[in-house]
Structures are given as C-alpha cells and as structure tokens.
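Visitor: Here you go, this is query04.tsv (TSV, N, CA and C atoms).
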```
chain	number	residue	atom	x	y	z
A	1263	MET	N	-2.77	-15.37	19.44
A	1263	MET	CA	-3.06	-16.79	19.32
A	1263	MET	C	-2.60	-17.25	17.94
A	1264	LYS	N	-1.86	-18.30	17.91
A	1264	LYS	CA	-1.35	-18.80	16.64
A	1264	LYS	C	-2.44	-19.56	15.90
A	1265	ASP	N	-2.21	-19.77	14.61
A	1265	ASP	CA	-3.24	-20.40	13.76
A	1265	ASP	C	-3.63	-21.78	14.27
A	1266	LEU	N	-2.67	-22.60	14.69
A	1266	LEU	CA	-2.99	-23.94	15.15
A	1266	LEU	C	-3.84	-23.88	16.42
A	1267	GLU	N	-3.47	-22.99	17.35
A	1267	GLU	CA	-4.25	-22.85	18.57
A	1267	GLU	C	-5.66	-22.37	18.26
A	1268	ARG	N	-5.77	-21.43	17.32
A	1268	ARG	CA	-7.07	-20.91	16.93
A	1268	ARG	C	-7.91	-22.03	16.31
A	1269	PHE	N	-7.31	-22.81	15.45
A	1269	PHE	CA	-8.02	-23.91	14.82
A	1269	PHE	C	-8.51	-24.90	15.87
A	1270	GLN	N	-7.64	-25.24	16.83
A	1270	GLN	CA	-8.04	-26.18	17.87
A	1270	GLN	C	-9.17	-25.62	18.72
A	1271	TYR	N	-9.13	-24.32	18.99
A	1271	TYR	CA	-10.21	-23.70	19.75
A	1271	TYR	C	-11.53	-23.83	19.01
A	1272	TRP	N	-11.53	-23.50	17.72
A	1272	TRP	CA	-12.78	-23.55	16.95
A	1272	TRP	C	-13.25	-24.99	16.74
A	1273	ARG	N	-12.32	-25.91	16.57
A	1273	ARG	CA	-12.70	-27.31	16.44
A	1273	ARG	C	-13.41	-27.77	17.71
A	1274	GLY	N	-12.87	-27.35	18.86
A	1274	GLY	CA	-13.52	-27.67	20.13
A	1274	GLY	C	-14.91	-27.06	20.23
A	1275	ALA	N	-15.04	-25.84	19.74
A	1275	ALA	CA	-16.34	-25.18	19.76
A	1275	ALA	C	-17.35	-25.93	18.89
A	1276	LEU	N	-16.89	-26.40	17.74
A	1276	LEU	CA	-17.78	-27.19	16.87
A	1276	LEU	C	-18.20	-28.49	17.55
A	1277	ASN	N	-17.25	-29.13	18.21
A	1277	ASN	CA	-17.57	-30.37	18.91
A	1277	ASN	C	-18.56	-30.12	20.04
A	1278	ARG	N	-18.38	-29.03	20.79
A	1278	ARG	CA	-19.31	-28.71	21.85
A	1278	ARG	C	-20.71	-28.47	21.29
A	1279	GLN	N	-20.77	-27.77	20.15
A	1279	GLN	CA	-22.07	-27.49	19.55
A	1279	GLN	C	-22.72	-28.80	19.08
A	1280	ALA	N	-21.93	-29.67	18.48
A	1280	ALA	CA	-22.46	-30.94	18.00
A	1280	ALA	C	-22.98	-31.80	19.17
A	1281	ASN	N	-22.38	-31.64	20.34
A	1281	ASN	CA	-22.80	-32.40	21.51
A	1281	ASN	C	-23.91	-31.70	22.29
A	1282	GLY	N	-24.42	-30.59	21.77
A	1282	GLY	CA	-25.55	-29.92	22.39
A	1282	GLY	C	-25.18	-28.84	23.38
A	1283	ASP	N	-23.90	-28.55	23.57
A	1283	ASP	CA	-23.48	-27.49	24.49
A	1283	ASP	C	-23.45	-26.18	23.73
A	1284	ARG	N	-24.42	-25.33	23.95
A	1284	ARG	CA	-24.53	-24.09	23.20
A	1284	ARG	C	-24.03	-22.88	23.99
A	1285	ARG	N	-23.31	-23.12	25.06
A	1285	ARG	CA	-22.82	-22.01	25.86
A	1285	ARG	C	-21.62	-21.32	25.24
A	1286	HIS	N	-20.92	-21.98	24.33
A	1286	HIS	CA	-19.70	-21.43	23.75
A	1286	HIS	C	-19.87	-21.21	22.26
A	1287	GLY	N	-19.43	-20.05	21.78
A	1287	GLY	CA	-19.42	-19.78	20.34
A	1287	GLY	C	-20.77	-19.32	19.82
A	1288	THR	N	-20.71	-18.46	18.81
A	1288	THR	CA	-21.91	-17.97	18.16
A	1288	THR	C	-22.05	-18.64	16.81
A	1289	LYS	N	-23.16	-18.39	16.14
A	1289	LYS	CA	-23.33	-18.95	14.80
A	1289	LYS	C	-22.24	-18.44	13.86
A	1290	ALA	N	-21.89	-17.17	14.01
A	1290	ALA	CA	-20.83	-16.60	13.18
A	1290	ALA	C	-19.50	-17.29	13.45
A	1291	ASP	N	-19.23	-17.58	14.72
A	1291	ASP	CA	-17.99	-18.27	15.07
A	1291	ASP	C	-17.96	-19.68	14.49
A	1292	MET	N	-19.11	-20.35	14.55
A	1292	MET	CA	-19.18	-21.70	14.01
A	1292	MET	C	-18.98	-21.71	12.49
A	1293	ALA	N	-19.53	-20.71	11.81
A	1293	ALA	CA	-19.35	-20.60	10.36
A	1293	ALA	C	-17.88	-20.39	10.03
A	1294	LEU	N	-17.20	-19.57	10.80
A	1294	LEU	CA	-15.77	-19.35	10.58
A	1294	LEU	C	-14.98	-20.61	10.84
A	1295	ALA	N	-15.34	-21.33	11.89
A	1295	ALA	CA	-14.63	-22.56	12.21
A	1295	ALA	C	-14.76	-23.57	11.09
A	1296	ALA	N	-15.93	-23.62	10.46
A	1296	ALA	CA	-16.12	-24.54	9.36
A	1296	ALA	C	-15.24	-24.20	8.16
A	1297	GLN	N	-14.92	-22.91	7.99
A	1297	GLN	CA	-14.06	-22.48	6.89
A	1297	GLN	C	-12.60	-22.78	7.17
A	1298	GLY	N	-12.24	-22.95	8.42
A	1298	GLY	CA	-10.85	-23.16	8.79
A	1298	GLY	C	-10.24	-21.86	9.27
A	1299	ALA	N	-9.73	-21.87	10.47
A	1299	ALA	CA	-9.24	-20.64	11.09
A	1299	ALA	C	-8.07	-20.02	10.36
A	1300	ALA	N	-7.24	-20.82	9.72
A	1300	ALA	CA	-6.05	-20.27	9.06
A	1300	ALA	C	-6.40	-19.46	7.82
A	1301	GLN	N	-7.62	-19.62	7.31
A	1301	GLN	CA	-7.99	-18.95	6.07
A	1301	GLN	C	-8.61	-17.58	6.29
A	1302	VAL	N	-9.05	-17.26	7.50
A	1302	VAL	CA	-9.75	-16.01	7.73
A	1302	VAL	C	-8.96	-15.11	8.68
A	1303	PRO	N	-8.71	-13.87	8.27
A	1303	PRO	CA	-7.91	-12.97	9.09
A	1303	PRO	C	-8.73	-12.10	10.03
A	1304	TYR	N	-10.01	-12.43	10.25
A	1304	TYR	CA	-10.89	-11.60	11.07
A	1304	TYR	C	-11.69	-12.48	12.01
A	1305	THR	N	-12.28	-11.86	13.04
A	1305	THR	CA	-13.10	-12.60	13.99
A	1305	THR	C	-14.48	-12.87	13.39
A	1306	GLY	N	-15.25	-13.68	14.08
A	1306	GLY	CA	-16.60	-13.98	13.61
A	1306	GLY	C	-17.48	-12.75	13.50
A	1307	LYS	N	-17.41	-11.90	14.51
A	1307	LYS	CA	-18.23	-10.69	14.51
A	1307	LYS	C	-17.78	-9.73	13.41
A	1308	GLN	N	-16.46	-9.58	13.23
A	1308	GLN	CA	-15.95	-8.73	12.16
A	1308	GLN	C	-16.41	-9.26	10.80
A	1309	GLY	N	-16.37	-10.57	10.63
A	1309	GLY	CA	-16.82	-11.18	9.38
A	1309	GLY	C	-18.28	-10.90	9.10
A	1310	GLN	N	-19.11	-10.90	10.14
A	1310	GLN	CA	-20.52	-10.61	9.95
A	1310	GLN	C	-20.75	-9.17	9.52
A	1311	TYR	N	-19.99	-8.25	10.10
A	1311	TYR	CA	-20.10	-6.85	9.68
A	1311	TYR	C	-19.63	-6.70	8.23
A	1312	LEU	N	-18.55	-7.36	7.87
A	1312	LEU	CA	-18.06	-7.28	6.49
A	1312	LEU	C	-19.08	-7.87	5.51
A	1313	ALA	N	-19.66	-9.00	5.88
A	1313	ALA	CA	-20.68	-9.61	5.01
A	1313	ALA	C	-21.90	-8.70	4.90
A	1314	PHE	N	-22.29	-8.07	6.00
A	1314	PHE	CA	-23.43	-7.15	5.96
A	1314	PHE	C	-23.14	-5.99	5.01
A	1315	ILE	N	-21.95	-5.42	5.12
A	1315	ILE	CA	-21.58	-4.31	4.23
A	1315	ILE	C	-21.65	-4.76	2.78
A	1316	TYR	N	-21.14	-5.96	2.49
A	1316	TYR	CA	-21.16	-6.47	1.11
A	1316	TYR	C	-22.60	-6.63	0.60
A	1317	TYR	N	-23.43	-7.34	1.36
A	1317	TYR	CA	-24.79	-7.63	0.89
A	1317	TYR	C	-25.67	-6.38	0.86
A	1318	TYR	N	-25.51	-5.50	1.84
A	1318	TYR	CA	-26.30	-4.27	1.83
A	1318	TYR	C	-25.96	-3.44	0.60
A	1319	THR	N	-24.67	-3.32	0.31
A	1319	THR	CA	-24.24	-2.54	-0.85
A	1319	THR	C	-24.76	-3.16	-2.15
A	1320	LYS	N	-24.72	-4.49	-2.21
A	1320	LYS	CA	-25.19	-5.18	-3.40
A	1320	LYS	C	-26.70	-5.00	-3.59
A	1321	MET	N	-27.46	-5.05	-2.51
A	1321	MET	CA	-28.91	-4.94	-2.61
A	1321	MET	C	-29.40	-3.52	-2.83
A	1322	HIS	N	-28.76	-2.55	-2.19
A	1322	HIS	CA	-29.25	-1.17	-2.21
A	1322	HIS	C	-28.48	-0.24	-3.13
A	1323	GLY	N	-27.35	-0.71	-3.65
A	1323	GLY	CA	-26.57	0.12	-4.55
A	1323	GLY	C	-25.82	1.25	-3.87
A	1324	ARG	N	-25.75	1.21	-2.57
A	1324	ARG	CA	-25.00	2.20	-1.80
A	1324	ARG	C	-24.56	1.54	-0.49
A	1325	ALA	N	-23.55	2.11	0.13
A	1325	ALA	CA	-23.03	1.54	1.37
A	1325	ALA	C	-24.02	1.76	2.52
A	1326	PRO	N	-23.99	0.89	3.52
A	1326	PRO	CA	-24.87	1.08	4.67
A	1326	PRO	C	-24.38	2.22	5.56
A	1327	SER	N	-25.32	2.85	6.23
A	1327	SER	CA	-24.94	3.84	7.24
A	1327	SER	C	-24.67	3.09	8.54
A	1328	GLU	N	-24.06	3.76	9.49
A	1328	GLU	CA	-23.84	3.13	10.78
A	1328	GLU	C	-25.18	2.82	11.45
A	1329	ALA	N	-26.18	3.63	11.20
A	1329	ALA	CA	-27.52	3.37	11.75
A	1329	ALA	C	-28.12	2.09	11.17
A	1330	ASP	N	-27.86	1.82	9.89
A	1330	ASP	CA	-28.32	0.57	9.28
A	1330	ASP	C	-27.68	-0.63	9.97
A	1331	MET	N	-26.39	-0.54	10.23
A	1331	MET	CA	-25.69	-1.63	10.91
A	1331	MET	C	-26.19	-1.78	12.34
A	1332	GLN	N	-26.44	-0.66	13.00
A	1332	GLN	CA	-26.96	-0.69	14.37
A	1332	GLN	C	-28.30	-1.42	14.42
A	1333	GLY	N	-29.17	-1.10	13.47
A	1333	GLY	CA	-30.47	-1.76	13.42
A	1333	GLY	C	-30.38	-3.24	13.14
A	1334	TYR	N	-29.50	-3.63	12.25
A	1334	TYR	CA	-29.38	-5.05	11.89
A	1334	TYR	C	-28.80	-5.87	13.03
A	1335	PHE	N	-27.71	-5.37	13.63
A	1335	PHE	CA	-27.03	-6.14	14.66
A	1335	PHE	C	-27.58	-5.89	16.06
A	1336	ARG	N	-28.49	-4.90	16.20
A	1336	ARG	CA	-29.11	-4.58	17.48
A	1336	ARG	C	-28.07	-4.28	18.56
A	1337	VAL	N	-27.20	-3.33	18.22
A	1337	VAL	CA	-26.16	-2.89	19.14
A	1337	VAL	C	-26.21	-1.37	19.25
A	1338	SER	N	-25.40	-0.81	20.12
A	1338	SER	CA	-25.40	0.64	20.33
A	1338	SER	C	-24.65	1.35	19.20
A	1339	PRO	N	-24.93	2.63	19.02
A	1339	PRO	CA	-24.20	3.40	18.01
A	1339	PRO	C	-22.68	3.38	18.25
A	1340	ALA	N	-22.29	3.43	19.52
A	1340	ALA	CA	-20.85	3.40	19.84
A	1340	ALA	C	-20.21	2.08	19.43
A	1341	SER	N	-20.94	0.97	19.60
A	1341	SER	CA	-20.41	-0.34	19.21
A	1341	SER	C	-20.17	-0.42	17.70
A	1342	VAL	N	-21.14	0.08	16.95
A	1342	VAL	CA	-21.00	0.07	15.49
A	1342	VAL	C	-19.82	0.94	15.07
A	1343	HIS	N	-19.74	2.12	15.63
A	1343	HIS	CA	-18.66	3.03	15.25
A	1343	HIS	C	-17.30	2.42	15.59
A	1344	GLN	N	-17.19	1.80	16.75
A	1344	GLN	CA	-15.92	1.16	17.13
A	1344	GLN	C	-15.57	0.04	16.16
A	1345	MET	N	-16.57	-0.73	15.74
A	1345	MET	CA	-16.31	-1.81	14.78
A	1345	MET	C	-15.85	-1.24	13.45
A	1346	VAL	N	-16.48	-0.17	12.98
A	1346	VAL	CA	-16.08	0.46	11.72
A	1346	VAL	C	-14.64	0.94	11.82
A	1347	LEU	N	-14.29	1.56	12.94
A	1347	LEU	CA	-12.91	2.01	13.13
A	1347	LEU	C	-11.94	0.84	13.14
A	1348	SER	N	-12.32	-0.26	13.78
A	1348	SER	CA	-11.47	-1.45	13.82
A	1348	SER	C	-11.26	-2.04	12.43
A	1349	LEU	N	-12.35	-2.15	11.67
A	1349	LEU	CA	-12.26	-2.71	10.33
A	1349	LEU	C	-11.41	-1.82	9.42
A	1350	GLU	N	-11.51	-0.53	9.63
A	1350	GLU	CA	-10.70	0.40	8.85
A	1350	GLU	C	-9.22	0.27	9.23
A	1351	LYS	N	-8.95	0.16	10.51
A	1351	LYS	CA	-7.57	0.02	10.98
A	1351	LYS	C	-6.93	-1.26	10.45
A	1352	LEU	N	-7.72	-2.33	10.36
A	1352	LEU	CA	-7.24	-3.61	9.83
A	1352	LEU	C	-7.20	-3.64	8.30
A	1353	ARG	N	-7.64	-2.56	7.68
A	1353	ARG	CA	-7.66	-2.41	6.22
A	1353	ARG	C	-8.59	-3.39	5.50
A	1354	PHE	N	-9.71	-3.70	6.16
A	1354	PHE	CA	-10.75	-4.50	5.52
A	1354	PHE	C	-11.74	-3.59	4.80
A	1355	ILE	N	-11.83	-2.34	5.27
A	1355	ILE	CA	-12.68	-1.34	4.63
A	1355	ILE	C	-11.91	-0.03	4.56
A	1356	GLU	N	-12.43	0.87	3.74
A	1356	GLU	CA	-11.95	2.25	3.79
A	1356	GLU	C	-13.17	3.15	3.81
A	1357	ARG	N	-13.00	4.34	4.36
A	1357	ARG	CA	-14.11	5.27	4.46
A	1357	ARG	C	-13.56	6.69	4.50
A	1358	ARG	N	-14.45	7.65	4.31
A	1358	ARG	CA	-14.09	9.06	4.43
A	1358	ARG	C	-14.78	9.62	5.66
A	1359	PRO	N	-14.02	9.92	6.71
A	1359	PRO	CA	-14.63	10.45	7.93
A	1359	PRO	C	-15.43	11.72	7.65
A	1360	GLY	N	-16.59	11.80	8.26
A	1360	GLY	CA	-17.45	12.97	8.08
A	1360	GLY	C	-18.39	12.87	6.90
A	1361	GLN	N	-18.20	11.87	6.05
A	1361	GLN	CA	-19.09	11.68	4.90
A	1361	GLN	C	-19.88	10.40	5.11
A	1362	GLY	N	-21.20	10.52	5.10
A	1362	GLY	CA	-22.06	9.37	5.32
A	1362	GLY	C	-22.00	8.36	4.18
A	1363	ARG	N	-22.24	7.12	4.53
A	1363	ARG	CA	-22.31	6.02	3.55
A	1363	ARG	C	-21.08	5.95	2.65
A	1364	SER	N	-19.91	6.19	3.23
A	1364	SER	CA	-18.69	6.18	2.42
A	1364	SER	C	-17.86	4.91	2.63
A	1365	VAL	N	-18.42	3.91	3.31
A	1365	VAL	CA	-17.69	2.68	3.58
A	1365	VAL	C	-17.50	1.89	2.29
A	1366	LYS	N	-16.27	1.49	2.04
A	1366	LYS	CA	-15.96	0.68	0.86
A	1366	LYS	C	-15.23	-0.58	1.31
A	1367	LEU	N	-15.76	-1.72	0.92
A	1367	LEU	CA	-15.18	-3.01	1.28
A	1367	LEU	C	-13.93	-3.26	0.45
A	1368	LEU	N	-12.85	-3.72	1.09
A	1368	LEU	CA	-11.60	-3.96	0.39
A	1368	LEU	C	-11.28	-5.45	0.21
A	1369	LEU	N	-12.19	-6.32	0.65
A	1369	LEU	CA	-12.00	-7.76	0.50
A	1369	LEU	C	-12.91	-8.28	-0.60
A	1370	PRO	N	-12.46	-9.27	-1.37
A	1370	PRO	CA	-13.36	-9.87	-2.37
A	1370	PRO	C	-14.40	-10.76	-1.69
A	1371	ARG	N	-15.50	-10.99	-2.37
A	1371	ARG	CA	-16.60	-11.79	-1.83
A	1371	ARG	C	-16.12	-13.17	-1.37
A	1372	GLU	N	-15.17	-13.76	-2.06
A	1372	GLU	CA	-14.70	-15.10	-1.76
A	1372	GLU	C	-14.08	-15.18	-0.35
A	1373	GLN	N	-13.61	-14.08	0.17
A	1373	GLN	CA	-12.98	-14.07	1.49
A	1373	GLN	C	-13.96	-13.73	2.61
A	1374	LEU	N	-15.23	-13.56	2.29
A	1374	LEU	CA	-16.22	-13.18	3.28
A	1374	LEU	C	-17.05	-14.39	3.71
A	1375	PRO	N	-17.48	-14.42	4.97
A	1375	PRO	CA	-18.36	-15.51	5.39
A	1375	PRO	C	-19.80	-15.24	4.95
A	1376	ASP	N	-20.65	-16.23	5.09
A	1376	ASP	CA	-22.07	-16.02	4.83
A	1376	ASP	C	-22.64	-15.19	5.97
A	1377	LEU	N	-23.63	-14.41	5.67
A	1377	LEU	CA	-24.30	-13.60	6.68
A	1377	LEU	C	-25.26	-14.48	7.45
A	1378	VAL	N	-25.09	-14.53	8.77
A	1378	VAL	CA	-25.92	-15.42	9.61
A	1378	VAL	C	-27.07	-14.64	10.18
```
Re-express the file's structure as structure tokens.

Guide:
Amino acid sequence: MKDLERFQYWRGALNRQANGDRRHGTKADMALAAQGAAQVPYTGKQGQYLAFIYYYTKMHGRAPSEADMQGYFRVSPASVHQMVLSLEKLRFIERRPGQGRSVKLLLPREQLPDLV
C-alpha cells in the first residue's frame, strides 16, 4: 500500500471514529493516523510493542521479557515471539537469541507512538 493510500485509509478511520463508528481501527491505529501515515514505518500494533519496550526499559532499567509483553498485551506466547521476530527482521530492534531480556530498541523516542 502506498503512502497516499495508507493516509487515506487512516483518515477514513478517523472520520468513522469521529462519527461514532467504532468497528474499524484500534486506539493504536488512530494514534498513528493522527501522526500521519507517511511518517511512521510500522503498523499500529508494532508501534505499541516498540513503545512498550521503550517505556519498560526506561522504568525498570532492563529490557522486557517476552512474558512481560505477553502479560501487558494479553496475547499468547507465540504471538509475542512472532512480533519480536518481525520487529527484528524490520530492524526496529535487535536481540541475542537464547539470551533473555536482550531486546534493544533501535529507534529514537521521537519516532515512537505514545503507549495506549
């Protein structure tokens, strides 16, 4: 999907939300749409995981475990692991396989959405 199409999709989602139609889009998606689709290289859900990694690391002084992410997002262990692999493949994070709490965020705070 090209940037203009993505922007139009999110603008439509914002309009639907403003008109009371809550069937489309999540809070994370709406936050991304407000930032402008051309500025963010990740999906709403990916952005929430990235923001969680940032804030967890800032608050606790160490990276979150996959179990921490599972508890926060209320998803299965496989879902969290797949997301971590996706974020690593997209080069938003780096990690050392087999070593716990080794996730390192590669994006600056300015490029991250707010945690919803």

Visitor: Could you pull the residues within 6.5 Å of A:Pro1375, counting all atoms listed in the file, minus those fewer than 5 positions along the same chain, as a PyMOL selection string?

Guide: chain A and resi 1309-1310+1313

Visitor: If you measure from atom C of A:Pro1326 to atom C of A:Arg1363, what distance in Å do you get, rounded to one decimal?

Guide: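 Interatomic distance, atom C of A:Pro1326 to atom C of A:Arg1363: 5.8 Å.
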
Visitor: Tell me, in Å to one decimal, how far atom C of A:Arg1358 is from atom N of A:Ala1325.

Guide: 12.8 Å

Visitor: Find the residues near A:Glu1328: any atom within 7 Å, counting only N, CA and C atoms, skip ones fewer than 2 places away on the same chain, and give them as a PyMOL selection string.

Guide: chain A and resi 1326+1330-1333+1339+1342-1343+1363

Visitor: Just the number, please: distance in Å from atom CA of A:Leu1369 to atom CA of A:Ile1355, one decimal.

Guide: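 Computed distance, atom CA of A:Leu1369 to atom CA of A:Ile1355, equals 7.7 Å.
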
Visitor: Kindly indicate which residue among A:Leu1352, A:Val1302, A:Val1365, A:Met1345 lies nearest to A:Ile1315, using only N, CA and C atoms for the distances.

Guide: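 Closest candidate: A:Val1365.
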
Visitor: Taking all atoms listed in the file into account, name the residue in A:Gln1344, A:Leu1349, A:Ser1327, A:Leu1377 that is nearest to A:Gly1362.

Guide: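 Checking each of A:Gln1344, A:Leu1349, A:Ser1327, A:Leu1377 against A:Gly1362, counting all atoms listed in the file, the winner is A:Ser1327.
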
Visitor: Give me the residues near A:Lys1366 as a list in words, where near means some atom within 6 Å (using only N, CA and C atoms) and where sequence neighbours in that chain fewer than 5 positions away do not count.

Guide: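 So, after excluding close chain neighbours, the residues are Phe1354, Ile1355, Glu1356 and Arg1357 of chain A.
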